[in-house]
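Containing mmCIF, C-alpha atoms: final18.cif.
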data_data
loop_
_atom_site.group_PDB
_atom_site.id
_atom_site.type_symbol
_atom_site.label_atom_id
_atom_site.label_comp_id
_atom_site.auth_asym_id
_atom_site.auth_seq_id
_atom_site.Cartn_x
_atom_site.Cartn_y
_atom_site.Cartn_z
ATOM 1 C CA MET A 1 99.854 123.439 116.747
ATOM 2 C CA ALA A 2 100.049 122.538 120.427
ATOM 3 C CA VAL A 3 102.915 120.427 121.714
ATOM 4 C CA ASN A 4 100.555 117.540 122.522
ATOM 5 C CA GLY A 5 99.121 117.690 118.990
ATOM 6 C CA ARG A 6 102.588 117.530 117.451
ATOM 7 C CA ARG A 7 103.552 114.647 119.720
ATOM 8 C CA LYS A 8 100.352 112.771 118.876
ATOM 9 C CA GLY A 9 100.935 113.374 115.163
ATOM 10 C CA LYS A 10 104.484 112.097 115.454
ATOM 11 C CA VAL A 11 103.373 108.994 117.353
ATOM 12 C CA GLY A 12 100.653 108.318 114.759
ATOM 13 C CA GLU A 13 103.118 108.677 111.881
ATOM 14 C CA LEU A 14 105.633 106.369 113.569
ATOM 15 C CA GLU A 15 102.877 103.828 114.229
ATOM 16 C CA ALA A 16 101.682 104.002 110.604
ATOM 17 C CA ALA A 17 105.232 103.500 109.335
ATOM 18 C CA ALA A 18 105.680 100.504 111.630
ATOM 19 C CA THR A 19 102.390 99.049 110.377
ATOM 20 C CA LEU A 20 103.491 99.333 106.726
ATOM 21 C CA ARG A 21 106.845 97.746 107.591
ATOM 22 C CA GLU A 22 105.144 94.881 109.455
ATOM 23 C CA LEU A 23 102.446 94.200 106.858
ATOM 24 C CA PHE A 24 104.437 94.587 103.661
ATOM 25 C CA GLY A 25 108.121 94.677 104.626
ATOM 26 C CA TRP A 26 108.428 98.177 103.130
ATOM 27 C CA ALA A 27 111.070 100.699 104.187
ATOM 28 C CA ALA A 28 108.612 103.193 105.677
ATOM 29 C CA ARG A 29 109.750 106.055 107.876
ATOM 30 C CA ARG A 30 108.506 109.395 109.085
ATOM 31 C CA ARG A 31 109.622 112.444 107.118
ATOM 32 C CA GLN A 32 111.180 115.426 108.844
ATOM 33 C CA GLN A 33 108.363 117.873 109.539
ATOM 34 C CA PHE A 34 108.778 121.604 108.956
ATOM 35 C CA SER A 35 105.844 123.213 110.806
ATOM 36 C CA GLY A 36 103.467 122.401 107.971
ATOM 37 C CA LYS A 37 105.290 124.658 105.480
ATOM 38 C CA SER A 38 106.627 121.864 103.330
ATOM 39 C CA GLY A 39 104.412 120.047 100.830
ATOM 40 C CA ASP A 40 106.052 116.748 101.709
ATOM 41 C CA ASP A 41 103.953 113.775 102.653
ATOM 42 C CA ASP A 42 104.030 112.427 106.210
ATOM 43 C CA LEU A 43 105.808 109.171 105.378
ATOM 44 C CA MET A 44 108.604 108.224 103.062
ATOM 45 C CA VAL A 45 108.099 104.712 101.705
ATOM 46 C CA ASP A 46 110.918 103.654 99.395
ATOM 47 C CA GLN A 47 108.802 101.066 97.584
ATOM 48 C CA THR A 48 105.940 103.491 96.803
ATOM 49 C CA PRO A 49 107.547 106.710 95.540
ATOM 50 C CA SER A 50 104.447 107.564 93.477
ATOM 51 C CA LEU A 51 102.153 107.662 96.540
ATOM 52 C CA PHE A 52 101.630 110.722 98.735
ATOM 53 C CA TRP A 53 101.076 109.458 102.300
ATOM 54 C CA GLU A 54 98.914 111.647 104.569
ATOM 55 C CA ILE A 55 98.680 110.136 108.060
ATOM 56 C CA LYS A 56 95.988 111.026 110.606
ATOM 57 C CA ARG A 57 95.403 109.469 114.010
ATOM 58 C CA VAL A 58 92.499 111.441 115.434
ATOM 59 C CA GLU A 59 89.138 110.859 117.062
ATOM 60 C CA ARG A 60 87.195 112.851 114.463
ATOM 61 C CA LEU A 61 88.415 113.369 110.946
ATOM 62 C CA SER A 62 86.972 115.392 108.116
ATOM 63 C CA LEU A 63 87.974 113.079 105.279
ATOM 64 C CA PRO A 64 86.890 115.451 102.488
ATOM 65 C CA LYS A 65 88.970 118.284 103.957
ATOM 66 C CA THR A 66 91.958 116.010 104.639
ATOM 67 C CA MET A 67 91.798 114.488 101.160
ATOM 68 C CA ALA A 68 91.494 117.943 99.548
ATOM 69 C CA THR A 69 94.658 119.018 101.360
ATOM 70 C CA ALA A 70 96.460 115.828 100.335
ATOM 71 C CA VAL A 71 95.398 116.289 96.688
ATOM 72 C CA GLU A 72 96.638 119.874 96.749
ATOM 73 C CA GLN A 73 99.998 118.939 98.268
ATOM 74 C CA ALA A 74 100.525 115.696 96.319
ATOM 75 C CA GLY A 75 101.395 117.301 93.006
ATOM 76 C CA ARG A 76 101.792 114.436 90.520
ATOM 77 C CA LYS A 77 101.773 111.766 93.237
ATOM 78 C CA CYS A 78 98.701 109.695 94.105
ATOM 79 C CA PRO A 79 97.247 110.997 97.399
ATOM 80 C CA VAL A 80 96.235 108.425 100.021
ATOM 81 C CA VAL A 81 95.039 109.117 103.549
ATOM 82 C CA MET A 82 95.954 106.485 106.131
ATOM 83 C CA HIS A 83 93.900 107.095 109.260
ATOM 84 C CA ARG A 84 92.900 105.533 112.548
ATOM 85 C CA GLN A 85 90.649 106.628 115.365
ATOM 86 C CA ASN A 86 92.047 106.691 118.874
ATOM 87 C CA ARG A 87 91.639 103.317 120.596
ATOM 88 C CA SER A 88 90.139 101.882 117.397
ATOM 89 C CA LYS A 89 89.333 98.194 117.285
ATOM 90 C CA VAL A 90 89.062 98.435 113.496
ATOM 91 C CA GLY A 91 92.660 99.543 113.019
ATOM 92 C CA TRP A 92 94.207 101.615 110.255
ATOM 93 C CA LEU A 93 92.112 102.543 107.223
ATOM 94 C CA LEU A 94 93.228 103.759 103.824
ATOM 95 C CA THR A 95 91.156 106.297 101.886
ATOM 96 C CA LEU A 96 91.718 107.390 98.311
ATOM 97 C CA ARG A 97 89.725 108.845 95.445
ATOM 98 C CA LEU A 98 88.116 106.172 93.283
ATOM 99 C CA GLU A 99 89.791 107.671 90.209
ATOM 100 C CA ASP A 100 93.163 106.986 91.885
ATOM 101 C CA LEU A 101 92.516 103.273 92.433
ATOM 102 C CA PRO A 102 94.416 102.210 89.268
ATOM 103 C CA ARG A 103 97.385 104.327 90.413
ATOM 104 C CA LEU A 104 97.315 102.678 93.854
ATOM 105 C CA VAL A 105 97.168 99.212 92.298
ATOM 106 C CA HIS A 106 100.093 100.061 90.023
ATOM 107 C CA ALA A 107 102.108 101.421 92.968
ATOM 108 C CA TYR A 108 101.349 98.266 94.989
ATOM 109 C CA GLU A 109 102.280 95.930 92.137
ATOM 110 C CA SER A 110 105.521 97.853 91.590
ATOM 111 C CA ALA A 111 106.272 97.732 95.315
ATOM 112 C CA ILE A 112 105.800 93.997 95.667
ATOM 113 C CA THR A 113 108.096 93.291 92.739
ATOM 114 C CA CYS A 114 110.785 95.431 94.420
ATOM 115 C CA THR A 115 110.307 94.042 97.934
ATOM 116 C CA VAL A 116 112.395 91.091 98.977
ATOM 117 C CA ALA A 117 109.814 88.809 100.531
ATOM 118 C CA SER A 118 111.536 87.138 103.445
ATOM 119 C CA ALA A 119 108.192 86.122 104.956
ATOM 120 C CA PRO A 120 104.676 85.747 103.592
ATOM 121 C CA LEU A 121 102.151 88.541 104.119
ATOM 122 C CA PRO A 122 99.865 88.191 107.163
ATOM 123 C CA ASP A 123 96.195 87.377 106.731
ATOM 124 C CA ALA A 124 93.690 90.241 106.894
ATOM 125 C CA ASN A 125 92.508 89.433 110.430
ATOM 126 C CA SER A 126 95.975 89.735 111.929
ATOM 127 C CA CYS A 127 96.064 93.430 110.960
ATOM 128 C CA ASN A 128 93.430 94.246 113.566
ATOM 129 C CA ARG A 129 95.476 93.146 116.555
ATOM 130 C CA GLN A 130 97.130 95.853 118.620
ATOM 131 C CA GLY A 131 100.763 95.402 119.541
ATOM 132 C CA GLY A 132 101.005 91.666 118.902
ATOM 133 C CA GLN A 133 102.916 89.587 116.421
ATOM 134 C CA SER A 134 101.064 88.929 113.204
ATOM 135 C CA ASP A 135 100.237 85.494 111.899
ATOM 136 C CA THR A 136 101.646 84.615 108.532
ATOM 137 C CA ALA A 137 99.787 83.203 105.581
ATOM 138 C CA VAL A 138 100.166 82.732 101.874
ATOM 139 C CA PRO A 139 100.725 86.115 100.154
ATOM 140 C CA ARG A 140 97.586 87.725 98.809
ATOM 141 C CA ASN A 141 97.214 88.819 95.223
ATOM 142 C CA LEU A 142 95.029 91.688 94.040
#
Spell out the structure here as structure tokens.
Amino acid sequence: MAVNGRRKGKVGELEAAATLRELFGWAARRRQQFSGKSGDDDLMVDQTPSLFWEIKRVERLSLPKTMATAVEQAGRKCPVVMHRQNRSKVGWLLTLRLEDLPRLVHAYESAITCTVASAPLPDANSCNRQGGQSDTAVPRNL
């Protein structure tokens, strides 16, 4: 992988971790990368140990190929792909297999019971802003 590709991947992973911290208050951080040899996910999120986080910040993404890789590497974890196009006005998206939706819901419910909520979750529209402070609202329930 080219140096610029590694740097862009690192920046995307750091941005994704910051987004999870801001939105949910989770302890999200980038894992140490080992030239793609390791089967580790891209992020370590203490509150969601059963999720396998694959992060992509690219202009064009083959979701089936990316998800297949995540499924292969996830082992017993639930694979999720968090992705964003460059300069996207939509923001970060989360893709998972429909069959994994109950596992994602369980992981989320477990995470919110473990998270010390010092502030309410932001509303959905505040997630789309780039680089600004988020508004706060009443926490959402699934």
Selected residue, from A:Leu94, A:Leu51, A:Ala68, A:Ala74, that lies nearest to Ser110 (chain A) when counting all atoms listed in the file: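 That would be A:Leu51, the residue with the smallest distance to Ser110 (chain A).
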Atomic distance CA of Ser88 (chain A) - CA of Leu101 (chain A), expressed in Å with one decimal: 25.1 Å
Distance query 12 Å from (99.4, 118.5, 96.6) using only C-alpha atoms, result as a list of chain:residue names: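 Those residues lying close to the given coordinates are A:Ser38, A:Gly39, A:Asp40, A:Asp41, A:Leu51, A:Phe52, A:Trp53, A:Glu54, A:Thr66, A:Met67, A:Ala68, A:Thr69, A:Ala70, A:Val71, A:Glu72, A:Gln73, A:Ala74, A:Gly75, A:Arg76, A:Lys77, A:Cys78, A:Pro79, A:Val80.
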Contacts of Glu13 (chain A) at 10 Å (all atoms listed in the file; same-chain gap of 4+ positions) as a PyMOL selection string: chain A and resi 7-9+17-19+28-31+42-43+53-57+82-83
Gap from CA of Arg87 (chain A) to CA of Ala27 (chain A) - Å, one decimal: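 Straight-line distance from CA of Arg87 (chain A) to CA of Ala27 (chain A) works out to 25.6 Å.
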Return region 10-21 of chain A, completed with all heavy atoms, as a CSV table (one decimal), in the coordinates of the input.
chain,number,residue,atom,x,y,z
A,10,LYS,N,103.2,112.8,115.6
A,10,LYS,CA,104.5,112.1,115.5
A,10,LYS,C,104.3,110.6,115.8
A,10,LYS,O,104.7,109.7,115.1
A,10,LYS,CB,105.6,112.7,116.3
A,10,LYS,CG,106.9,112.0,116.3
A,10,LYS,CD,107.9,112.6,117.2
A,10,LYS,CE,109.2,111.8,117.3
A,10,LYS,NZ,110.2,112.4,118.2
A,11,VAL,N,103.6,110.4,116.9
A,11,VAL,CA,103.4,109.0,117.4
A,11,VAL,C,102.5,108.3,116.3
A,11,VAL,O,102.8,107.1,116.0
A,11,VAL,CB,102.7,109.0,118.8
A,11,VAL,CG1,102.2,107.6,119.1
A,11,VAL,CG2,103.7,109.5,119.8
A,12,GLY,N,101.5,108.9,115.8
A,12,GLY,CA,100.7,108.3,114.8
A,12,GLY,C,101.4,108.0,113.5
A,12,GLY,O,101.3,106.9,112.9
A,13,GLU,N,102.3,108.9,113.1
A,13,GLU,CA,103.1,108.7,111.9
A,13,GLU,C,104.1,107.5,112.1
A,13,GLU,O,104.3,106.7,111.2
A,13,GLU,CB,103.8,110.0,111.5
A,13,GLU,CG,102.9,111.0,111.0
A,13,GLU,CD,103.5,112.4,110.9
A,13,GLU,OE1,104.7,112.6,111.2
A,13,GLU,OE2,102.8,113.4,110.6
A,14,LEU,N,104.7,107.5,113.3
A,14,LEU,CA,105.6,106.4,113.6
A,14,LEU,C,104.9,105.0,113.6
A,14,LEU,O,105.4,104.0,113.1
A,14,LEU,CB,106.3,106.6,114.9
A,14,LEU,CG,107.3,107.8,114.9
A,14,LEU,CD1,107.8,108.1,116.3
A,14,LEU,CD2,108.5,107.5,114.0
A,15,GLU,N,103.7,105.0,114.2
A,15,GLU,CA,102.9,103.8,114.2
A,15,GLU,C,102.5,103.4,112.8
A,15,GLU,O,102.5,102.2,112.5
A,15,GLU,CB,101.6,104.1,115.1
A,15,GLU,CG,100.7,102.9,115.3
A,15,GLU,CD,99.5,103.2,116.1
A,15,GLU,OE1,99.6,104.1,117.0
A,15,GLU,OE2,98.5,102.6,115.8
A,16,ALA,N,102.1,104.3,112.0
A,16,ALA,CA,101.7,104.0,110.6
A,16,ALA,C,102.9,103.4,109.8
A,16,ALA,O,102.7,102.4,109.1
A,16,ALA,CB,101.1,105.2,109.9
A,17,ALA,N,104.0,104.0,110.0
A,17,ALA,CA,105.2,103.5,109.3
A,17,ALA,C,105.5,102.1,109.8
A,17,ALA,O,105.9,101.2,109.0
A,17,ALA,CB,106.4,104.4,109.6
A,18,ALA,N,105.4,101.8,111.1
A,18,ALA,CA,105.7,100.5,111.6
A,18,ALA,C,104.7,99.5,111.1
A,18,ALA,O,105.0,98.4,110.8
A,18,ALA,CB,105.6,100.5,113.2
A,19,THR,N,103.4,99.9,110.9
A,19,THR,CA,102.4,99.0,110.4
A,19,THR,C,102.7,98.7,108.9
A,19,THR,O,102.6,97.5,108.6
A,19,THR,CB,101.0,99.7,110.5
A,19,THR,OG1,100.7,100.0,111.8
A,19,THR,CG2,99.9,98.9,109.9
A,20,LEU,N,103.1,99.6,108.1
A,20,LEU,CA,103.5,99.3,106.7
A,20,LEU,C,104.7,98.4,106.7
A,20,LEU,O,104.8,97.5,105.8
A,20,LEU,CB,103.7,100.6,105.9
A,20,LEU,CG,102.5,101.5,105.7
A,20,LEU,CD1,102.9,102.8,105.0
A,20,LEU,CD2,101.5,100.8,104.8
A,21,ARG,N,105.7,98.6,107.6
A,21,ARG,CA,106.8,97.7,107.6
A,21,ARG,C,106.4,96.3,108.0
A,21,ARG,O,106.9,95.4,107.4
A,21,ARG,CB,107.9,98.3,108.6
A,21,ARG,CG,108.7,99.5,108.1
A,21,ARG,CD,109.9,99.8,108.9
A,21,ARG,NE,109.5,100.0,110.3
A,21,ARG,CZ,109.2,101.1,110.9
A,21,ARG,NH1,109.2,102.2,110.2
A,21,ARG,NH2,109.0,101.2,112.2
